[in-house]
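*Asks:* Take a look at the following structure, please.
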Amino acid sequence: SWGKAHWEMDLAITHVSKSKNPDLQGNNYDHLMQLTKYDWNKDHELRSNSIYVNHEKHSNRLALLHGTIVYSIVNNKMEEHGPLIAEVMVAWAKAGVMANTLTSKEISKLKDQGKVDRMCYGGGKAKGDKPCISHRPHEAQIFGATYIQQAYLMKDQFTKEQFKIVDEYIDTLYDKYIEPWVLKELGGKRGFIQMSDGTISVLSYLAWKDKPEQVAKWIKRGIAKADRVVYDDGYIHNNSFRGVRDVWYHSQGVNNLLGLYAIAELWGYKQFPKELKQRIDKTVDILNLGLTDVETYRKRKDPSGMQNHTKDKSHSAYHVHQMAISLDWLIEKYT
């Protein structure tokens with residue numbers, strides 16, 4: 001998350017790194033607090049393009065925030081560490097982290113004005129060095145959902161005043177980024193990506209707001225999108241056909257399809273279509289094919305003809321997606 005690569009990291013929010021690594025100075029609390037000065041719009045403009053979206057400055061802090069919470073729970077240290085974690089989350093809320101990010105509506109306006117490409121990769125022309133500003137609200141909704149999940153774990157630790165600040169911030173993230181993104185993606189034709197195309201983001205919000213009566217309709221929407229993008233043979237529309245990064249994107253799709261299925265089951269949703277589940281199981285077979293015999297995997301041609309990919313081998317990602325978290329466990333437990 002910060003400091004030197006491959007150094008052992010203590011997840012306590014009070015951790016001062018000097019004791020284990022003299023070359024590092026500081027602590028997790030200070031590192032998390034630095035996000036209050038973060039501007040994702042500016043960071044994305046300076047460092048990212050259609051191929052590489054460098055979002056580690058906020059993603060790694062979200063992972064560390066989660067780590068500090070879980071550490072406090074399993075080590076029975078929430079009484080000591082909870083107030084510090086709450087301070088961080090309230091500080092992010094007060095600073096409006098991510099809330100100045102361009103919205104999907106604002107980006108659509110820029111596209112209509114001809115100021116930015118309508119699609120990534122230079123308007124879908126396989127130009128990976130071109131910017132793709134649609135990643136900005138996309139990352140904001142992922143950030144929002146992950147923040148909500150941490151707030152849910154911390155719900156009993158906030159004071160009344162802190163809870164109000166966090167709750168208002170969550171509403172802002174949901175209204176500006178999560179709901180608009182999810183409605184756009186679930187109604188669209190692209191593949192299947194993070195947060196099960198945002199379905200899990202909405203479920204996170206419903207959990208925070210304690211609105212279980214709305215859960216089924218959103219799971220149903222996620223299922224409808226999955227049904228449209230998973231082919232009969234287990235390939236996934238768009239995901240499975242991304243040039244030299246095809247297996248990588250396919251594994252991301254598998255992770256999010258299984259995530260949707262797992263969460264639907266855990267939340268008591270009983271109407272998950274058996275036929276779709278069988279196709280999702282086949283996506284795992286195709287993943288294994290891609291990882292063991294990529295030449296055979298690539299004999300299947302993309303029926304859509306989309307060009308949001310690169311064929312430059314220097315950009316290959318011939319491995320399972322690093323954010324396909326717990327994919328092995330999901331495969332073992334749910335297929």
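Just remember, in the structure tokens the first chain shown is A, the second B, etc., residues are 1-based per chain, and ligands are 1-based in the order shown.
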Got a sec: who's within 12 Å of Arg221 (chain A), counting only C-alpha atoms, leaving out chain neighbours fewer than 4 positions off, as a CSV table (one decimal) with N, CA and C atoms, in the first residue's frame?
*Replies:*
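Ended up saving to result-v2.csv:
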chain,number,residue,atom,x,y,z
A,182,VAL,N,-24.4,2.4,-12.7
A,182,VAL,CA,-25.1,1.1,-12.7
A,182,VAL,C,-26.2,1.0,-13.7
A,183,LEU,N,-27.0,2.0,-13.7
A,183,LEU,CA,-28.2,2.0,-14.7
A,183,LEU,C,-27.6,2.0,-16.1
A,184,LYS,N,-26.6,2.8,-16.3
A,184,LYS,CA,-26.0,2.8,-17.7
A,184,LYS,C,-25.4,1.5,-18.1
A,185,GLU,N,-24.6,0.8,-17.2
A,185,GLU,CA,-23.9,-0.4,-17.5
A,185,GLU,C,-24.9,-1.6,-17.6
A,186,LEU,N,-25.9,-1.7,-16.7
A,186,LEU,CA,-26.8,-2.8,-16.7
A,186,LEU,C,-27.7,-2.7,-17.9
A,187,GLY,N,-27.9,-1.5,-18.4
A,187,GLY,CA,-28.7,-1.4,-19.6
A,187,GLY,C,-27.9,-1.4,-20.9
A,188,GLY,N,-26.6,-1.5,-20.8
A,188,GLY,CA,-25.7,-1.5,-22.0
A,188,GLY,C,-25.4,-2.8,-22.5
A,196,SER,N,-19.7,-6.5,-10.3
A,196,SER,CA,-20.8,-7.1,-11.1
A,196,SER,C,-21.6,-6.0,-11.9
A,197,ASP,N,-20.8,-5.2,-12.6
A,197,ASP,CA,-21.3,-4.1,-13.4
A,197,ASP,C,-22.1,-3.1,-12.4
A,198,GLY,N,-21.6,-3.0,-11.2
A,198,GLY,CA,-22.2,-2.1,-10.3
A,198,GLY,C,-23.3,-2.6,-9.4
A,199,THR,N,-23.8,-3.8,-9.7
A,199,THR,CA,-24.9,-4.4,-8.9
A,199,THR,C,-24.5,-4.5,-7.4
A,200,ILE,N,-23.2,-4.9,-7.2
A,200,ILE,CA,-22.8,-5.0,-5.8
A,200,ILE,C,-22.6,-3.7,-5.1
A,202,VAL,N,-24.7,-1.1,-5.6
A,202,VAL,CA,-26.0,-0.8,-5.1
A,202,VAL,C,-26.4,-1.6,-3.9
A,203,LEU,N,-26.1,-2.9,-3.9
A,203,LEU,CA,-26.4,-3.7,-2.8
A,203,LEU,C,-25.7,-3.2,-1.5
A,214,GLN,N,-35.5,-3.8,-1.4
A,214,GLN,CA,-35.1,-3.4,-2.7
A,214,GLN,C,-34.1,-4.3,-3.4
A,215,VAL,N,-33.6,-5.2,-2.6
A,215,VAL,CA,-32.4,-6.0,-3.0
A,215,VAL,C,-32.8,-6.9,-4.3
A,216,ALA,N,-33.9,-7.6,-4.2
A,216,ALA,CA,-34.2,-8.5,-5.3
A,216,ALA,C,-34.3,-7.9,-6.7
A,217,LYS,N,-34.8,-6.7,-6.8
A,217,LYS,CA,-34.9,-6.1,-8.1
A,217,LYS,C,-33.6,-5.8,-8.7
A,225,LYS,N,-28.3,-8.6,-17.1
A,225,LYS,CA,-27.2,-8.2,-17.9
A,225,LYS,C,-26.2,-9.4,-18.1
A,226,ALA,N,-26.0,-10.2,-17.1
A,226,ALA,CA,-25.2,-11.4,-17.2
A,226,ALA,C,-25.7,-12.3,-18.3
A,227,ASP,N,-27.0,-12.5,-18.3
A,227,ASP,CA,-27.7,-13.3,-19.3
A,227,ASP,C,-27.4,-12.9,-20.7
A,228,ARG,N,-27.3,-11.5,-20.9
A,228,ARG,CA,-27.0,-11.0,-22.3
A,228,ARG,C,-25.6,-11.1,-22.7
A,260,LEU,N,-21.6,-12.2,-8.4
A,260,LEU,CA,-23.0,-12.0,-8.4
A,260,LEU,C,-23.8,-13.2,-8.0
A,264,ALA,N,-26.0,-13.3,-4.6
A,264,ALA,CA,-27.4,-13.6,-4.7
A,264,ALA,C,-27.8,-14.8,-3.8
A,272,PHE,N,-32.2,-17.4,-9.2
A,272,PHE,CA,-31.1,-17.4,-10.2
A,272,PHE,C,-31.3,-18.5,-11.2
*Asks:* Would you please extract all alpha helix (DSSP H) residues from region 131-197 of chain A, as assigned by DSSP on the backbone, and give them as a ChimeraX atom specification?
*Replies:* /A:135-153,160-173,179-186,194-197
*Asks:* Let's have the selection written as a PDB file, in the first residue's frame, with C-alpha atoms.
*Replies:*
ATOM      1  CA  HIS A 135     -12.797   5.526 -16.237  1.00  0.00           C
ATOM      2  CA  ARG A 136     -13.211   8.518 -13.954  1.00  0.00           C
ATOM      3  CA  PRO A 137     -16.845   8.006 -12.846  1.00  0.00           C
ATOM      4  CA  HIS A 138     -16.282   4.259 -13.118  1.00  0.00           C
ATOM      5  CA  GLU A 139     -13.527   4.407 -10.474  1.00  0.00           C
ATOM      6  CA  ALA A 140     -15.616   6.820  -8.403  1.00  0.00           C
ATOM      7  CA  GLN A 141     -18.460   4.301  -8.174  1.00  0.00           C
ATOM      8  CA  ILE A 142     -16.026   1.517  -7.206  1.00  0.00           C
ATOM      9  CA  PHE A 143     -14.522   3.804  -4.576  1.00  0.00           C
ATOM     10  CA  GLY A 144     -17.999   4.733  -3.338  1.00  0.00           C
ATOM     11  CA  ALA A 145     -19.120   1.131  -3.001  1.00  0.00           C
ATOM     12  CA  THR A 146     -15.943   0.083  -1.212  1.00  0.00           C
ATOM     13  CA  TYR A 147     -16.157   3.047   1.157  1.00  0.00           C
ATOM     14  CA  ILE A 148     -19.768   2.086   1.936  1.00  0.00           C
ATOM     15  CA  GLN A 149     -18.715  -1.485   2.731  1.00  0.00           C
ATOM     16  CA  GLN A 150     -16.130  -0.200   5.222  1.00  0.00           C
ATOM     17  CA  ALA A 151     -18.652   2.216   6.721  1.00  0.00           C
ATOM     18  CA  TYR A 152     -21.046  -0.703   7.195  1.00  0.00           C
ATOM     19  CA  LEU A 153     -18.385  -2.560   9.188  1.00  0.00           C
ATOM     20  CA  LYS A 160     -24.062  10.542  15.951  1.00  0.00           C
ATOM     21  CA  GLU A 161     -22.334  13.544  14.408  1.00  0.00           C
ATOM     22  CA  GLN A 162     -19.824  11.358  12.555  1.00  0.00           C
ATOM     23  CA  PHE A 163     -22.573   9.080  11.289  1.00  0.00           C
ATOM     24  CA  LYS A 164     -24.448  12.048   9.829  1.00  0.00           C
ATOM     25  CA  ILE A 165     -21.339  13.268   7.975  1.00  0.00           C
ATOM     26  CA  VAL A 166     -20.552   9.806   6.613  1.00  0.00           C
ATOM     27  CA  ASP A 167     -24.182   9.170   5.650  1.00  0.00           C
ATOM     28  CA  GLU A 168     -24.430  12.426   3.679  1.00  0.00           C
ATOM     29  CA  TYR A 169     -21.159  11.646   1.906  1.00  0.00           C
ATOM     30  CA  ILE A 170     -22.415   8.163   1.007  1.00  0.00           C
ATOM     31  CA  ASP A 171     -25.597   9.689  -0.428  1.00  0.00           C
ATOM     32  CA  THR A 172     -23.464  12.010  -2.571  1.00  0.00           C
ATOM     33  CA  LEU A 173     -21.328   9.140  -3.890  1.00  0.00           C
ATOM     34  CA  GLU A 179     -26.652   4.746  -9.420  1.00  0.00           C
ATOM     35  CA  PRO A 180     -26.023   6.560 -12.757  1.00  0.00           C
ATOM     36  CA  TRP A 181     -23.143   4.220 -13.599  1.00  0.00           C
ATOM     37  CA  VAL A 182     -25.063   1.081 -12.695  1.00  0.00           C
ATOM     38  CA  LEU A 183     -28.156   2.035 -14.664  1.00  0.00           C
ATOM     39  CA  LYS A 184     -25.969   2.809 -17.687  1.00  0.00           C
ATOM     40  CA  GLU A 185     -23.936  -0.412 -17.476  1.00  0.00           C
ATOM     41  CA  LEU A 186     -26.796  -2.785 -16.683  1.00  0.00           C
ATOM     42  CA  GLN A 194     -16.126  -4.527 -11.548  1.00  0.00           C
ATOM     43  CA  MET A 195     -18.736  -4.843  -8.799  1.00  0.00           C
ATOM     44  CA  SER A 196     -20.771  -7.097 -11.116  1.00  0.00           C
ATOM     45  CA  ASP A 197     -21.333  -4.084 -13.357  1.00  0.00           C
TER      46      ASP A 197
END
*Asks:* Need to verify the contact set: region 305-311 of chain A, 7 Å, only C-alpha atoms, exclusion of same-chain residues closer than 6 positions in sequence. Can you return it as a PDB file with all heavy atoms, in the first residue's frame?
*Replies:*
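That gives us out_8.pdb:
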ATOM      1  N   CYS A 120     -13.297   4.331 -25.451  1.00  0.00           N
ATOM      2  CA  CYS A 120     -11.875   4.171 -25.154  1.00  0.00           C
ATOM      3  C   CYS A 120     -11.134   3.730 -26.419  1.00  0.00           C
ATOM      4  O   CYS A 120     -11.757   3.409 -27.432  1.00  0.00           O
ATOM      5  CB  CYS A 120     -11.668   3.121 -24.065  1.00  0.00           C
ATOM      6  SG  CYS A 120     -12.209   3.638 -22.434  1.00  0.00           S
ATOM      7  N   TYR A 121      -9.831   3.668 -26.310  1.00  0.00           N
ATOM      8  CA  TYR A 121      -8.974   3.213 -27.410  1.00  0.00           C
ATOM      9  C   TYR A 121      -9.194   4.056 -28.675  1.00  0.00           C
ATOM     10  O   TYR A 121      -9.341   3.538 -29.777  1.00  0.00           O
ATOM     11  CB  TYR A 121      -9.197   1.727 -27.698  1.00  0.00           C
ATOM     12  CG  TYR A 121      -8.662   0.838 -26.593  1.00  0.00           C
ATOM     13  CD1 TYR A 121      -9.436   0.570 -25.469  1.00  0.00           C
ATOM     14  CD2 TYR A 121      -7.385   0.286 -26.666  1.00  0.00           C
ATOM     15  CE1 TYR A 121      -8.946  -0.229 -24.438  1.00  0.00           C
ATOM     16  CE2 TYR A 121      -6.885  -0.508 -25.646  1.00  0.00           C
ATOM     17  CZ  TYR A 121      -7.667  -0.761 -24.534  1.00  0.00           C
ATOM     18  OH  TYR A 121      -7.170  -1.543 -23.517  1.00  0.00           O
ATOM     19  N   GLY A 124     -12.650   3.451 -30.100  1.00  0.00           N
ATOM     20  CA  GLY A 124     -12.803   2.045 -30.474  1.00  0.00           C
ATOM     21  C   GLY A 124     -11.986   1.662 -31.684  1.00  0.00           C
ATOM     22  O   GLY A 124     -12.372   0.773 -32.452  1.00  0.00           O
ATOM     23  N   LYS A 125     -10.821   2.326 -31.861  1.00  0.00           N
ATOM     24  CA  LYS A 125      -9.964   2.048 -33.016  1.00  0.00           C
ATOM     25  C   LYS A 125      -8.620   1.430 -32.614  1.00  0.00           C
ATOM     26  O   LYS A 125      -7.613   1.611 -33.289  1.00  0.00           O
ATOM     27  CB  LYS A 125      -9.746   3.340 -33.805  1.00  0.00           C
ATOM     28  CG  LYS A 125     -11.036   3.898 -34.403  1.00  0.00           C
ATOM     29  CD  LYS A 125     -10.802   5.196 -35.147  1.00  0.00           C
ATOM     30  CE  LYS A 125     -12.117   5.736 -35.723  1.00  0.00           C
ATOM     31  NZ  LYS A 125     -11.923   7.052 -36.398  1.00  0.00           N
ATOM     32  N   ALA A 126      -8.626   0.729 -31.480  1.00  0.00           N
ATOM     33  CA  ALA A 126      -7.451  -0.013 -31.007  1.00  0.00           C
ATOM     34  C   ALA A 126      -6.236   0.882 -30.769  1.00  0.00           C
ATOM     35  O   ALA A 126      -5.089   0.449 -30.918  1.00  0.00           O
ATOM     36  CB  ALA A 126      -7.100  -1.132 -31.986  1.00  0.00           C
ATOM     37  N   GLY A 128      -4.416   2.334 -27.969  1.00  0.00           N
ATOM     38  CA  GLY A 128      -4.336   2.224 -26.524  1.00  0.00           C
ATOM     39  C   GLY A 128      -3.751   3.419 -25.816  1.00  0.00           C
ATOM     40  O   GLY A 128      -3.975   3.620 -24.623  1.00  0.00           O
ATOM     41  N   ARG A 242     -10.182  -9.228 -25.893  1.00  0.00           N
ATOM     42  CA  ARG A 242      -9.521  -7.939 -25.716  1.00  0.00           C
ATOM     43  C   ARG A 242      -8.059  -7.980 -26.141  1.00  0.00           C
ATOM     44  O   ARG A 242      -7.161  -7.579 -25.407  1.00  0.00           O
ATOM     45  CB  ARG A 242      -9.655  -7.484 -24.259  1.00  0.00           C
ATOM     46  CG  ARG A 242     -11.076  -7.271 -23.760  1.00  0.00           C
ATOM     47  CD  ARG A 242     -11.757  -6.093 -24.433  1.00  0.00           C
ATOM     48  NE  ARG A 242     -11.111  -4.842 -24.144  1.00  0.00           N
ATOM     49  CZ  ARG A 242     -11.375  -4.074 -23.082  1.00  0.00           C
ATOM     50  NH1 ARG A 242     -12.276  -4.451 -22.198  1.00  0.00           N
ATOM     51  NH2 ARG A 242     -10.751  -2.928 -22.906  1.00  0.00           N
ATOM     52  N   GLY A 243      -7.812  -8.477 -27.337  1.00  0.00           N
ATOM     53  CA  GLY A 243      -6.454  -8.489 -27.874  1.00  0.00           C
ATOM     54  C   GLY A 243      -5.507  -9.303 -27.014  1.00  0.00           C
ATOM     55  O   GLY A 243      -5.823 -10.420 -26.608  1.00  0.00           O
ATOM     56  N   VAL A 244      -4.337  -8.729 -26.696  1.00  0.00           N
ATOM     57  CA  VAL A 244      -3.329  -9.457 -25.919  1.00  0.00           C
ATOM     58  C   VAL A 244      -3.659  -9.477 -24.429  1.00  0.00           C
ATOM     59  O   VAL A 244      -2.929 -10.076 -23.637  1.00  0.00           O
ATOM     60  CB  VAL A 244      -1.917  -8.848 -26.122  1.00  0.00           C
ATOM     61  CG1 VAL A 244      -1.459  -9.042 -27.555  1.00  0.00           C
ATOM     62  CG2 VAL A 244      -1.891  -7.372 -25.728  1.00  0.00           C
TER      63      VAL A 244
END
*Asks:* With only C-alpha atoms as the counted atoms, please give the residues lying no more than 8 Å from Phe241 (chain A), apart from itself and same-chain residues fewer than 2 positions off, as a list in words.
*Replies:*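 Answer for this query is His237, Asn238, Asn239, Gly243, Asp246, His250, Lys301 and Asp302 of chain A.
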*Asks:* CA of Lys111 (chain A) to CA of Phe192 (chain A): how many Å, to one decimal?
*Replies:*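 Distance between the two atoms: 23.0 Å.
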*Asks:* Kindly indicate which residue among A:Glu87, A:Glu8, A:Asp233, A:Glu80 lies nearest to Asp281 (chain A), using only C-alpha atoms for the distances.
*Replies:*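 Result for the nearest residue to Asp281 (chain A): A:Asp233.
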*Asks:* So what do you get for CA of Asp293 (chain A) versus CA of Gly234 (chain A), distance-wise?
*Replies:* 15.6 Å
*Asks:* Name the closest residue to Lys277 (chain A) among the candidates A:Gly259, A:Gly82, A:Pro303, A:Gly114; distances are taken between atoms, counting only C-alpha atoms.
*Replies:*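 Nearest candidate to Lys277 (chain A) out of A:Gly259, A:Gly82, A:Pro303, A:Gly114: A:Gly259.
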*Asks:* Which region 27-83 of chain A residues have any atom within 6 Å of an atom of region 88-104 of chain A, and for each, what is the nearest pair of atoms with distance in Å to one decimal, counting only C-alpha atoms, rows sorted by chain and number, as a tab-separated table?
*Replies:*
residue	atom	partner	partner_atom	distance
A:Met33	CA	A:Val88	CA	6.0
A:Thr36	CA	A:Trp92	CA	5.4
A:Asn41	CA	A:Thr101	CA	5.5
*Asks:* I need the residue nearest Ile85 (chain A) from this list: A:Ile73, A:Val53, A:Ala5, A:Met154. Use only C-alpha atoms for the distance.
*Replies:* A:Met154
*Asks:* To one decimal place, how far is CA of Gly191 (chain A) from CA of Leu62 (chain A) in Å?
*Replies:*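 Calculated distance between CA of Gly191 (chain A) and CA of Leu62 (chain A) is 25.0 Å.
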